[in-house]
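I have placed the structure first, in the form of C-alpha cells, so that the comments after it can refer back to it.
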There are 2 protein chains.
Amino acid sequence: MNAEWIWYRNDYELMLANQCLTKRYERDVFVPPFWRMDYFHTNVKFIKQFSLEKEEKIFIKANGKFNIIIDKIENPENKYVRDFNGFLNLSEGNYKLTVSVYNEQTIPCLFVDGETVKSNSDFTVTCNDFEYVKADRGGFYDKDKPPVKFDFLLENTEPVKKTYNDNELHLDFGRESVAFIAFSGVKGSGKANIYYGETEEESRDKENCELIDTVDLSNDCMTAIAKAYRYVTIDFSGGVTAEKVFSVKEYVAQKRQPYFKCENEKINKIYETSLYTLDINTRDFLLDGVKRDRWIWGGDATQSYLMHYYSFFDTGVIERTMLALPNRNPQKTFINHIMDYSFYWIISLYDYYMYVGDRDFLERLYPIAESILEFTKTRIDKNGLLQGKPCDWVFIDWANLDNRGEVCAEQMIFLKALESMTAVGKSLGKDISEYKSEYEKLKVLIDETFWDKDKKCYIHSVFSGKKSEVIKKHPNIFAVYYGLSDIEKSEQIKNSVLENSQIEPNVTPYMRFYELSALAELGETDYVIKQIISYWGGMLDSGATTFWELYDEKEKGSDKYAMYGRKYGKSLCHAWGASPLFLLGRYFIGLKPASEGYGTFECKPCESALIGSYEAVIPMKNGEFRISFGGNELKLRSTETDGIVKLDSRKYKIDFPICENYYIIEIMRGKDYAIKLERK
Amino acid sequence: MNAEWIWYRNDYELMLANQCLTKRYERDVFVPPFWRMDYFHTNVKFIKQFSLEKEEKIFIKANGKFNIIIDKIENPENKYVRDFNGFLNLSEGNYKLTVSVYNEQTIPCLFVDGETVKSNSDFTVTCNDFEYVKADRGGFYDKDKPPVKFDFLLENTEPVKKTYNDNELHLDFGRESVAFIAFSGVKGSGKANIYYGETEEESRDKENCELIDTVDLSNDCMTAIAKAYRYVTIDFSGGVTAEKVFSVKEYVAQKRQPYFKCENEKINKIYETSLYTLDINTRDFLLDGVKRDRWIWGGDATQSYLMHYYSFFDTGVIERTMLALPNRNPQKTFINHIMDYSFYWIISLYDYYMYVGDRDFLERLYPIAESILEFTKTRIDKNGLLQGKPCDWVFIDWANLDNRGEVCAEQMIFLKALESMTAVGKSLGKDISEYKSEYEKLKVLIDETFWDKDKKCYIHSVFSGKKSEVIKKHPNIFAVYYGLSDIEKSEQIKNSVLENSQIEPNVTPYMRFYELSALAELGETDYVIKQIISYWGGMLDSGATTFWELYDEKEKGSDKYAMYGRKYGKSLCHAWGASPLFLLGRYFIGLKPASEGYGTFECKPCESALIGSYEAVIPMKNGEFRISFGGNELKLRSTETDGIVKLDSRKYKIDFPICENYYIIEIMRGKDYAIKLERK
C-alpha cells in the first residue's frame, strides 16, 4: 500500500462543499446557500501505533502547522520532537506516533512515508473530542499535492462558430459545458465584459442573461470561476482586444461508460442527451443544474444517484454528495431546509445500501438519519401527521400546489424514509423497533386521512381540518411508486389519476421521474416509452442539447427559457432532466440489485415496438451487465456479478424453467449467454 | 447611536479564540490545544426592518462576499440588488433589508450607515438555521476597520540593561511583558536567533529556554508573534547586526484602576505584583500564563474573574473568556477536557450573575450549562457519584493526588455547580427542579460516603470500593469554602486539616486561593494575612517580579524554575498567582455584591496588626468603593452603588444601629462617610 494524504472524517467533503456552494453568481451578485454551512475541523490529531523490526527513516509532512510526538510504547515520554527536519530516524521497537495538525484555510492533513509505516486509513484521528475514528483518505498519493481542492480536469476547447461585429465577439462552443473563458494574444489593456448563455438569445441579451463576468485584460488570462454556457458574447469596447478567445472546460472524466442503442433514433438521442446532461452535472458533487443554481439539493441528488446506478456508477460523487447534504449532528433544520429532501436523503441511504452497500459508509451516515428523524418529531401534529413550520419548505414539486397543512405526498415520502431506515438499520444491527412501529401507525393514518373512496385516489392535503378538493398526481404517484397502495388501489389510481388526461400534467422532469417509475411499476412500459418520446423528445424538438429543469410544451418562443420571474431563469442543463437513464435501465432493461450491495442482480428485460432491437451496457458495482435483445435472440453477459434474468413466459418460448410466469435464466459472471427465442 | 460592525452571536469570540490559542510554541514546536476547537459561522444573513419618513441614502459594506435584498414590506420582490455601488437610495416607506455575507478567513460582518438606519444590535442575524438572534457588536465604529483580530495596543520599550559580547546581545527589560522584538538599523543580512527568558538564567540557556525565535534580518523588522519575556539573548553570529534592538509591548489598557496601600510594605508589594501579574495575563482572553501555556482554562479563568471583580473589573475580557471556553452545544467533552473545569465554568456563571448580572449574557450561556450537566450524567456511577472516564482529566490541583475512582473534591465542585445553576436558573425563570433534587441527593451522598467521624474530615476518595487512607486538604477546603459543611464540621476541619501542619501544604497559588478563602470564611483573617506574607512574600524574596504557577519554598536554586520535567517549564507570570487581589478585596476589605448584578453591596471591613492603616479603591460594576481604615477613623464612599457597611460591634464603638453583632452603616452612593470610632 502506498502512503497517501489522510484527514479527519468528512473534512474533505465539508471543505469541498464550502468551495463548491460559493461559486453561484446571479450576474454580479454572489449568492451563497440559504442553509447553514459547517466548516471542517481546524484542529485534529493523528495517531498510529506500530512496530519496527529494524531501523526505519520515516518522512512526515502535514498541511498546516503541526507537531510530532514519537514515543516508545513501553516508555512514553510525551515530548514534542524539536528541530524536526522532515524525517524521523527510528530504531527497532514498538512506537506510538502522534501528529497534531492545525489549519484554518484548508483541511489539516498528514502524509507519512517510511518503508513500512505509511499514512492510510489504518491511522486513527480525532478532532480532539476524544473520539478516535479511522482517518479518511482519497487517493492523494503525491506528498507535494495535499487535498486542498477538487481535482478537476481541464481541456481547451475551440468555438465551433465565431462572429465579430461592433467590438463584440460571439462564440458558440457547440454544446454546453462548465468552463473558463481564456484570452491569449491580448493587445492593449482594459476591461472586457463577458455575457454567457445557455442559448444564443441569452448570450446576446446583455441586460438579462443570468451570468456575466468582467475581466481586466492586459496579458493572457482566464476567468476566475468556470461557468456553464454554450454561447458567449464578449464586449471589447473597452479598447482591449485578444487574438484568440477559447474555452477551458473544467470537468470530471467518468471512468465507466454505459451504452444504449436501439432502432428508434429519437430514443437514442434522448439517451445520449440524458447521459451528457448527467455528465455535465457530475462534478465535485452532483449539482442540480450547472448554470443558475449549481448547488447540491437532497431531492435532486436522490434521483441523480439512481441515474448514476444505471449509467456512470460514480460512487465517489454519490458518497461526497450524501456526506455534504446534511449538517453535522444534531440536525436542527431539514436538508436544504426542505422537509421532503431530508426524507429523500434517508431513502437514498437504502438505495446506496442495495446498489453499493459499503457498511463503513452506512455506519457513518446512519446516526445522521437517526438525528433527522429525531428532529422530524418536532413537526408531528396532534393528528400524528407531518406539518411544516413557517421556516420549513414543504416542496414536493415546482407545481401549482398548496402545501399548507397536512400534505399527503409529504407523509408518503416520510413513510418511505421510515421503511428505508428500518431496512438499513436492520442490516447494521441497530434497534429499529421505533421506526417500525412509527411506520405501521403512519401507514394506517395516511389511508384513513387521505384515501377518497369515491374519487378512487389520494387527496392532496388536509388544511385546518378541511380536505382539499382538487386532485393532484403527486400523492398518487408516490403511493404507487413506493408500493404503499395495494394492487386494487393502484389500478384505481392508474385509471382515475395517472392516465387520466383531465388531471393537470407534471411539467418537471423531477416529478416525471416518479410518475413514470410508478407507471412502470404497474407494468405500463409502453406508456412510459411513449411519454419519454413525447416529453424528452419534445425538449429535443424545442432545440435542447441538454435536458431542462422544466418543460411545458405550452410555453413557446422565449417563454420557454423563463423561470423564477427571470427571462433566462430556467436551467437548461438540469440533472433531474436525465431521468430516462434510470427509466430505461431500471424499467425497460429491467435491471436491479437482488441483494445488498449488488451482491447479485435480477433483470426483467422488456421489448417495445417503439424501440425495436436494442443493445445496452450498464455498469454495476462489480463489472457490467450487457444485453442485446431483438430479432429472435437475447444475448446476455454479466462480467463480474452473478444474477438471474427473468423473461415473460406469456410472451416468449425458450427452453428454461418457469416460475410464476417467468423463465428463470441463471447468469454466471463472466459467461456469455445467447438465447434463441420464439415469440408467442 | 453610531453605526458599527455587527456579526453573528459569539462568532467574534470564536475567531479570537482560534487566533489566541494557536500562538503557543515550545521552542520551534507549534502546540495547538488538545481540545476541540469550533470555527465561526462562515455563512450568515443579517435582517432589519425599518420605516423611512423621507428618502435616505444608506451606505452598506460587508467583510466577505455578500448580497443585498431590499424589499418594500408591502410588496416584497425578493430580488438581489445588482450593480451595487456601496449605497442604497431609498424613498419614504417600510422596508426589509437582508444582507447575506460569506467569509471563511475572518468573521462575516456588516456595516450599515444611513441617516436613520444604522447597523447595531437592533439588527437580527441567522447562521441560516432559521433561528434569528440579535446581532453581536463590540465597538468597531470605523467602516474601514472590520473586526478581523483583537485590537491590542502597542508600545515601544527600551531595555533597562544591555550587554554585548561574542556576537551575543543580552537585554533586560526590567519586568516581564508580552512583546515583539524589533530590530532597526540592520546591517548586512542573515539570521538572528532569539532566546527568551522570564529569568536571566533562562534567556542565557540557549539549549533549554522555553521560547526561541529565528528572524531573517535584512531590513528593519519585528518578530511575528509577541512572546512573554523579561530577558532576551540575541545571537548575531550569522553575520547580520542591528543598531538598535527594542521591545514592542502588545497589551490591553485597563480602564479601571484599583488601589491598595497599607503600612506593611511587603503587603503593598504583594498587592502591586499581583495586580501586574493579572494585568499581563489579561489580553484578548484571560490567559493562564503568558509564557509557556498561554491558553484559556476553565479553572484558572474562574479565579481570574473573581480577581477581576476586585481589581480591573474588565467585564469584556470576562465575557469573551466565558464564551470561548465551552464548545458549541451539545457539549460532548468537558471544558479543556477537565471535569472540574466544566463545573467551575457553571460556578462562574453564578459569580457573573452576582457581580455583573447581564441577563442577555446569562440567557446566552445558560443552555450551555444545561448541556454540560446533561453530558455530566454520563459520568455518574452506580452509587450516584461522579467518576472520570479514561478520556476525562480529573484535575483538582497540581499536587500529589490519586484521582481515580470517586474523588470527594470533584463531587463538591459539582455540587456547587448544581447550586449555582439553581440560583441562576431561578432568576432567569427556568425550570430548575431537576438541579435542585440532584443537589439535595448528592449533598447527603457526599456526607455519607466521604465524611470520616474519627478523622474529623472528608477523605480524599473511594476507589474500587476502598476508602483512601491519606488525608488531603482539598475536599476539606471545598467543604468549607462552598459552605457544604456545617459550623461544627467546619471547625473540626479547621483543626484537624486546614491549620494542621502535619498535612501536606498546598504549593500552588491555585489551591491557596480556595484554602485561604475557606479559612477567611471561618473568620481566620489574621491567619490568611500571615499566609499571604509568607507564601507570596516568599516568592518575592525568591526574586519574583510577577507571581508564579507554583511555589514550593523547599525548591532552591534553578530547581524553582523547573516544572513538567523541563528546566524552565514553570510559568513565572501565572494569573492564578494573583489571588491576593481577591483575598484582600473579598475577605480583608470584605466587599461583595448584596444583590444580583451588584445592585447593592455589603462590606465587612477588617483590620489587622500585620497591615495597619490602609486605603483602598475597588471598582464595582457601577462606580467604585473607597475605604480608608486606620487610627480612629473609617472613611467610606461608594460612587454609584448603594450598600451597607457592617462593623463588628464587639471590637468598635460607633453611633450606629446594631444587628447581630454588627453596626449597620447604610451607604448612599455619591456620599462621603467619615466615621470616628473607638476600639473596645
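The way I read the labels, and the way they are meant: chains A, B, ... in the order of the C-alpha cells, residue 1 as the first residue of every chain, and ligand 1 as the first ligand shown, with later ones counted on from there.
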
With only C-alpha atoms counted and 9 Å as the cut-off, give the residues of chain A in contact with chain B, each with its shortest interatomic distance in Å and the pair that gives it, as a Markdown table.
| residue | atom | partner | partner_atom | distance |
| --- | --- | --- | --- | --- |
| A:Asn18 | CA | B:Glu104 | CA | 8.9 |
| A:Thr22 | CA | B:Tyr102 | CA | 8.3 |
| A:Glu26 | CA | B:Tyr80 | CA | 8.4 |
| A:Arg27 | CA | B:Arg82 | CA | 7.6 |
| A:Asp28 | CA | B:Arg82 | CA | 6.5 |
| A:Val29 | CA | B:Asn67 | CA | 6.1 |
| A:Phe30 | CA | B:Asn67 | CA | 5.9 |
| A:Val31 | CA | B:Asn67 | CA | 6.6 |
| A:Pro32 | CA | B:Tyr102 | CA | 7.0 |
| A:Pro33 | CA | B:Asn43 | CA | 7.9 |
| A:Phe34 | CA | B:Asn128 | CA | 5.7 |
| A:Trp35 | CA | B:Asn128 | CA | 4.7 |
| A:Arg36 | CA | B:Asn128 | CA | 4.7 |
| A:Met37 | CA | B:Asn43 | CA | 6.3 |
| A:Asp38 | CA | B:His41 | CA | 7.4 |
| A:Tyr39 | CA | B:Tyr39 | CA | 6.9 |
| A:Phe40 | CA | B:Tyr39 | CA | 8.3 |
| A:His41 | CA | B:Met37 | CA | 7.4 |
| A:Thr42 | CA | B:Met37 | CA | 7.0 |
| A:Asn43 | CA | B:Met37 | CA | 6.3 |
| A:Val44 | CA | B:Arg36 | CA | 7.9 |
| A:Lys45 | CA | B:Phe34 | CA | 8.3 |
| A:Lys65 | CA | B:Phe30 | CA | 6.6 |
| A:Phe66 | CA | B:Phe30 | CA | 6.1 |
| A:Asn67 | CA | B:Phe30 | CA | 5.9 |
| A:Ile68 | CA | B:Val29 | CA | 8.5 |
| A:Tyr80 | CA | B:Val29 | CA | 7.1 |
| A:Val81 | CA | B:Val29 | CA | 7.5 |
| A:Arg82 | CA | B:Val29 | CA | 6.2 |
| A:Asp83 | CA | B:Asp28 | CA | 6.5 |
| A:Phe84 | CA | B:Val29 | CA | 8.6 |
| A:Ser100 | CA | B:Pro32 | CA | 7.5 |
| A:Val101 | CA | B:Pro32 | CA | 7.9 |
| A:Tyr102 | CA | B:Pro32 | CA | 7.0 |
| A:Glu104 | CA | B:Gln105 | CA | 7.7 |
| A:Gln105 | CA | B:Gln105 | CA | 7.2 |
| A:Thr126 | CA | B:Arg36 | CA | 8.9 |
| A:Cys127 | CA | B:Arg36 | CA | 5.7 |
| A:Asn128 | CA | B:Arg36 | CA | 4.7 |
| A:Asp129 | CA | B:Arg36 | CA | 5.4 |
| A:Phe130 | CA | B:Cys391 | CA | 6.3 |
| A:Pro330 | CA | B:Pro330 | CA | 8.0 |
| A:Lys332 | CA | B:Asp129 | CA | 7.2 |
| A:Thr333 | CA | B:Asp129 | CA | 6.2 |
| A:His337 | CA | B:Asp129 | CA | 8.3 |
| A:Cys391 | CA | B:Phe130 | CA | 6.3 |
| A:Asp392 | CA | B:Phe130 | CA | 8.8 |

- Message: With only C-alpha atoms as the counted atoms, please give the residues lying no more than 9 Å from Trp576 (chain B), apart from itself and same-chain residues fewer than 3 positions off, as an MDAnalysis selection string.
- Response: chainID B and resid 277:278 288:289 300:301 303:304 307 508:510 513 547:549 573 579

- Task: Show which residues sit within 12 Å of Gly429 (chain A), as a VMD selection string. Count only C-alpha atoms, and ignore same-chain residues fewer than 4 positions away.
- Result: chain A and resid 359 362 to 363 366 421 to 425 433

- Task: Would you return as a PyMOL selection string the members of region 229-334 of chain B that DSSP assigns to alpha helix (DSSP H) on this structure's backbone?
- Result: chain B and resi 265-281+298-309+315-324

- From region 418-639 of chain B, collect each residue whose DSSP state is strand (DSSP E) and return the set as a PyMOL selection string. chain B and resi 451-452+457-458+461-463+466-467+591-593+601-603+614-619+624-630+633-638

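Across the structure, CA of Gly384 (chain A) and CA of Ala399 (chain A) are spaced 26.3 Å apart.
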